[in-house]
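A.B. asks: Handing over query.cif, mmCIF, C-alpha atoms.
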data_work
#
loop_
_atom_site.group_PDB
_atom_site.id
_atom_site.type_symbol
_atom_site.label_atom_id
_atom_site.label_comp_id
_atom_site.auth_asym_id
_atom_site.auth_seq_id
_atom_site.Cartn_x
_atom_site.Cartn_y
_atom_site.Cartn_z
ATOM 1 C CA MET L 1 -15.877 -15.369 -20.023
ATOM 2 C CA ARG L 2 -16.526 -12.019 -18.395
ATOM 3 C CA MET L 3 -14.651 -10.887 -15.285
ATOM 4 C CA PHE L 4 -16.097 -8.525 -12.699
ATOM 5 C CA VAL L 5 -14.480 -6.902 -9.674
ATOM 6 C CA ALA L 6 -16.673 -4.898 -7.312
ATOM 7 C CA GLY L 7 -19.334 -4.559 -9.993
ATOM 8 C CA GLN L 8 -16.940 -3.339 -12.701
ATOM 9 C CA GLU L 9 -16.121 -5.415 -15.742
ATOM 10 C CA ALA L 10 -12.430 -6.006 -16.350
ATOM 11 C CA HIS L 11 -11.317 -6.220 -19.977
ATOM 12 C CA GLY L 12 -8.122 -8.229 -19.676
ATOM 13 C CA ASP L 13 -5.684 -9.530 -17.114
ATOM 14 C CA MET L 14 -4.025 -6.195 -16.387
ATOM 15 C CA GLU L 15 -7.311 -4.379 -15.819
ATOM 16 C CA PHE L 16 -8.482 -7.238 -13.579
ATOM 17 C CA ALA L 17 -5.333 -6.905 -11.451
ATOM 18 C CA GLU L 18 -5.744 -3.122 -11.241
ATOM 19 C CA LEU L 19 -9.366 -3.424 -10.131
ATOM 20 C CA ALA L 20 -8.740 -6.288 -7.706
ATOM 21 C CA LEU L 21 -5.635 -4.834 -6.072
ATOM 22 C CA GLY L 22 -6.372 -1.140 -6.407
ATOM 23 C CA ILE L 23 -2.920 -0.598 -7.926
ATOM 24 C CA ASP L 24 -2.489 1.571 -11.018
ATOM 25 C CA VAL L 25 0.141 -0.400 -12.925
ATOM 26 C CA ASP L 26 1.272 2.537 -15.091
ATOM 27 C CA LEU L 27 1.864 4.653 -11.994
ATOM 28 C CA PHE L 28 4.453 2.216 -10.625
ATOM 29 C CA ARG L 29 5.750 0.633 -13.832
ATOM 30 C CA GLY L 30 5.632 3.751 -15.961
ATOM 31 C CA PRO L 31 3.965 4.146 -19.320
ATOM 32 C CA LEU L 32 5.272 2.194 -22.270
ATOM 33 C CA GLU L 33 5.210 5.363 -24.355
ATOM 34 C CA PHE L 34 7.402 8.448 -24.087
ATOM 35 C CA GLU L 35 7.176 10.554 -20.942
ATOM 36 C CA THR L 36 9.091 13.735 -20.256
ATOM 37 C CA ASP L 37 11.537 14.001 -17.374
ATOM 38 C CA GLY L 38 9.030 16.199 -15.515
ATOM 39 C CA GLU L 39 6.192 13.722 -16.024
ATOM 40 C CA ARG L 40 8.392 10.863 -14.881
ATOM 41 C CA ALA L 41 9.538 12.759 -11.782
ATOM 42 C CA ALA L 42 5.929 13.592 -10.823
ATOM 43 C CA ARG L 43 4.806 9.990 -11.400
ATOM 44 C CA GLU L 44 7.706 8.589 -9.376
ATOM 45 C CA ASP L 45 7.033 11.041 -6.514
ATOM 46 C CA ALA L 46 3.386 9.975 -6.382
ATOM 47 C CA ALA L 47 4.347 6.292 -6.552
ATOM 48 C CA ARG L 48 6.857 6.730 -3.705
ATOM 49 C CA ASP L 49 4.213 8.441 -1.533
ATOM 50 C CA ILE L 50 1.635 5.726 -2.195
ATOM 51 C CA LEU L 51 4.175 2.972 -1.594
ATOM 52 C CA ALA L 52 5.195 4.592 1.713
ATOM 53 C CA ASP L 53 1.519 4.730 2.748
ATOM 54 C CA LEU L 54 1.027 1.059 1.842
ATOM 55 C CA ARG L 55 4.097 0.077 3.849
ATOM 56 C CA ALA L 56 2.903 2.096 6.854
ATOM 57 C CA GLU L 57 -0.508 0.408 6.672
ATOM 58 C CA ALA L 58 1.211 -2.974 6.462
ATOM 59 C CA GLU L 59 3.310 -2.226 9.539
ATOM 60 C CA ALA L 60 0.094 -1.264 11.341
ATOM 61 C CA GLY L 61 -1.250 -4.745 10.660
ATOM 62 C CA ASP L 62 -3.008 -4.503 7.278
ATOM 63 C CA GLU L 63 -1.900 -7.676 5.506
ATOM 64 C CA ILE L 64 -3.568 -6.716 2.205
ATOM 65 C CA ALA L 65 -1.677 -3.414 2.142
ATOM 66 C CA GLY L 66 1.519 -5.396 2.674
ATOM 67 C CA TRP L 67 0.849 -7.580 -0.352
ATOM 68 C CA ASP L 68 -0.128 -4.513 -2.391
ATOM 69 C CA ALA L 69 3.148 -2.844 -1.369
ATOM 70 C CA LEU L 70 5.128 -5.869 -2.523
ATOM 71 C CA TYR L 71 3.310 -5.911 -5.865
ATOM 72 C CA ALA L 72 3.707 -2.157 -6.403
ATOM 73 C CA ASP L 73 7.384 -2.301 -5.460
ATOM 74 C CA SER L 74 7.991 -5.136 -7.919
ATOM 75 C CA LEU L 75 6.353 -3.071 -10.683
ATOM 76 C CA THR L 76 8.883 -0.277 -10.141
ATOM 77 C CA ARG L 77 11.671 -2.692 -11.049
ATOM 78 C CA THR L 78 10.231 -3.466 -14.495
ATOM 79 C CA VAL L 79 10.707 0.013 -15.982
ATOM 80 C CA PRO L 80 14.315 -0.242 -17.250
ATOM 81 C CA PHE L 81 13.647 -3.523 -19.048
ATOM 82 C CA LEU L 82 10.463 -2.280 -20.714
ATOM 83 C CA ARG L 83 12.052 0.951 -21.878
ATOM 84 C CA ALA L 84 15.077 -0.923 -23.192
ATOM 85 C CA ALA L 85 12.802 -3.307 -25.059
ATOM 86 C CA ARG L 86 11.061 -0.350 -26.714
ATOM 87 C CA GLY L 87 14.403 1.133 -27.797
ATOM 88 C CA TYR L 88 14.450 4.184 -25.511
ATOM 89 C CA ARG L 89 17.474 5.518 -23.677
ATOM 90 C CA PRO L 90 16.669 5.842 -19.967
ATOM 91 C CA GLY L 91 15.791 9.380 -18.945
ATOM 92 C CA THR L 92 15.609 10.803 -22.452
ATOM 93 C CA GLY L 93 12.671 9.126 -24.179
ATOM 94 C CA GLU L 94 14.783 9.071 -27.321
ATOM 95 C CA ALA L 95 15.445 6.050 -29.466
ATOM 96 C CA ALA L 96 18.737 4.330 -28.734
#
Written as structure tokens, how would this file's structure read?
C.D. replies:
Amino acid sequence: MRMFVAGQEAHGDMEFAELALGIDVDLFRGPLEFETDGERAAREDAARDILADLRAEAEAGDEIAGWDALYADSLTRTVPFLRAARGYRPGTGEAA
């Protein structure tokens, strides 16, 4: 079965969610591969700005932005578990 969102084909559940919600999962969750401290800081700054914008839109009455903010915020809480599962020490990218 093929899945389309706004005329784009999604190849998997994660891509479908990204297209449907407009949320870049790696931006909020973080990549599963190594990232430097500088890359992580830049990604987290961008994620914080986008999350703040979504929350402001939700407070202004945009219900969809509110749900997107909840989803994005929940993704930020998955990073420590995923990095631990891959054997990385938090903040270093090195194997534990």
A.B. asks: Any idea what the distance is between atom CA of L:Gly22 and atom CA of L:Ala65?
C.D. replies: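 Interatomic distance, atom CA of L:Gly22 to atom CA of L:Ala65: 10.0 Å.
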A.B. asks: Measuring between all atoms listed in the file, which one of L:Leu27, L:Leu75, L:Leu32, L:Met14 shows the shortest distance to L:Ala46?
C.D. replies: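 Between L:Leu27, L:Leu75, L:Leu32, L:Met14, the residue approaching L:Ala46 most closely is L:Leu27.
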A.B. asks: Can you list, as a VMD selection string, the residues that the PyMOL selection byres ((chain L and resi 44) around 12) selects here?
C.D. replies: chain L and resid 26 to 31 35 37 to 43 45 to 51 72 to 73 75 to 76 79
A.B. asks: With distances taken over only C-alpha atoms, which residue among L:Ala20, L:Ala52, L:Val25, L:Ile64 lies nearest L:Phe4?
C.D. replies: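 Ranking L:Ala20, L:Ala52, L:Val25, L:Ile64 by distance to L:Phe4, first place goes to L:Ala20.
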A.B. asks: Any idea what the distance is between atom CA of L:Leu19 and atom CA of L:Thr78?
C.D. replies: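 A separation of 20.1 Å between them.
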A.B. asks: Can you measure atom CA of L:Leu70 to atom CA of L:Ala17 for me? One decimal in Å is fine.
C.D. replies: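 For atom CA of L:Leu70 relative to atom CA of L:Ala17, the distance reads 13.8 Å.
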A.B. asks: Of the candidates L:Glu57, L:Glu33, L:Asp62, L:Asp68, which shows the shortest atom-to-atom distance to L:Glu18, using all atoms listed in the file?
C.D. replies: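 For L:Glu18, the nearest of the candidates is L:Asp68.
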